[in-house]
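Q: This is the structure I have questions about; it appears just below.
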Amino acid sequence: MPAGQGSGSGRGSGMGRGGQRQGMGPPKECKCPGCGYTSPHQPGQPCANQACPKCGTNMVGM
Ligand SMILES: [Zn+2]
């Protein structure tokens, strides 16, 4: 019996790499969870390192 049809073709797990991730990129804005103040995110500086100029709470990325 000729072996050609059966279970197990090599394909299946090839879609894992994507060019650009969308959704998990760096935040564009930092926001204060305390008072709602927002400031533009500075590249290279995590929002958590920035303190809100109004209330002093650490900012969070958006
Ligand atoms: Zn604040």
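In the structure tokens, each chain is lettered A, B, ... as it comes, each chain's residues begin at 1, and ligands are numbered from 1 in order of appearance.
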Go through the chains and note each residue within 6 Å of ligand 1, using only C-alpha atoms and all ligand atoms, then give the set as a list in words.

A: Cys32, Gly34, Cys35, Gly36, Tyr37, Cys52, Lys54, Cys55, Gly56 and Thr57 of chain A

Q: For those residues, write N, CA and C atoms to a file as a compact mmCIF listing (two decimals), in the first residue's frame.

A:
```txt
# COMPACT_ATOMS: atom_id res chain seq x y z
N CYS A 32 -1.55 60.25 35.91
CA CYS A 32 -1.54 60.14 37.35
C CYS A 32 -2.82 59.45 37.81
N GLY A 34 -3.89 59.38 40.63
CA GLY A 34 -4.47 60.09 41.76
C GLY A 34 -5.39 61.22 41.32
N CYS A 35 -4.88 62.10 40.46
CA CYS A 35 -5.67 63.27 40.09
C CYS A 35 -6.03 63.29 38.62
N GLY A 36 -5.46 62.37 37.85
CA GLY A 36 -5.83 62.30 36.45
C GLY A 36 -4.97 63.16 35.55
N TYR A 37 -3.95 63.74 36.10
CA TYR A 37 -3.06 64.57 35.29
C TYR A 37 -2.31 63.70 34.28
N CYS A 52 3.79 62.89 39.61
CA CYS A 52 2.82 63.89 39.19
C CYS A 52 3.22 65.24 39.79
N LYS A 54 1.43 67.64 40.28
CA LYS A 54 0.34 68.23 41.05
C LYS A 54 0.22 67.60 42.43
N CYS A 55 0.24 66.27 42.43
CA CYS A 55 -0.01 65.63 43.73
C CYS A 55 1.14 64.72 44.16
N GLY A 56 2.09 64.50 43.26
CA GLY A 56 3.27 63.74 43.66
C GLY A 56 3.12 62.24 43.52
N THR A 57 1.99 61.80 43.05
CA THR A 57 1.80 60.36 42.86
C THR A 57 2.59 59.88 41.64
```

Q: Contacts of A:Pro27 at 7 Å or less, counting only C-alpha atoms, minus same-chain residues fewer than 6 places along, as a PDB file with N, CA and C atoms, in the first residue's frame?

A:
```
ATOM      1  N   HIS A  41       4.627  60.868  27.404  1.00  0.00           N
ATOM      2  CA  HIS A  41       5.633  59.928  27.876  1.00  0.00           C
ATOM      3  C   HIS A  41       6.974  60.236  27.244  1.00  0.00           C
ATOM      4  N   GLY A  61       1.737  54.356  32.942  1.00  0.00           N
ATOM      5  CA  GLY A  61       1.660  54.431  31.492  1.00  0.00           C
ATOM      6  C   GLY A  61       0.261  54.119  31.003  1.00  0.00           C
ATOM      7  N   MET A  62      -0.065  54.716  29.877  1.00  0.00           N
ATOM      8  CA  MET A  62      -1.367  54.441  29.288  1.00  0.00           C
ATOM      9  C   MET A  62      -1.182  53.767  27.930  1.00  0.00           C
TER      10      MET A  62
END
```

Q: Quick one, how far is atom CA of A:Asn49 from atom CA of A:Pro33?

A: 13.7 Å

Q: Tell me which of A:Pro40, A:Ala48, A:Gly25, A:Gln5 sits closest to A:Val60, counting only C-alpha atoms.

A: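 Using only C-alpha atoms, the shortest distance to A:Val60 belongs to A:Ala48.
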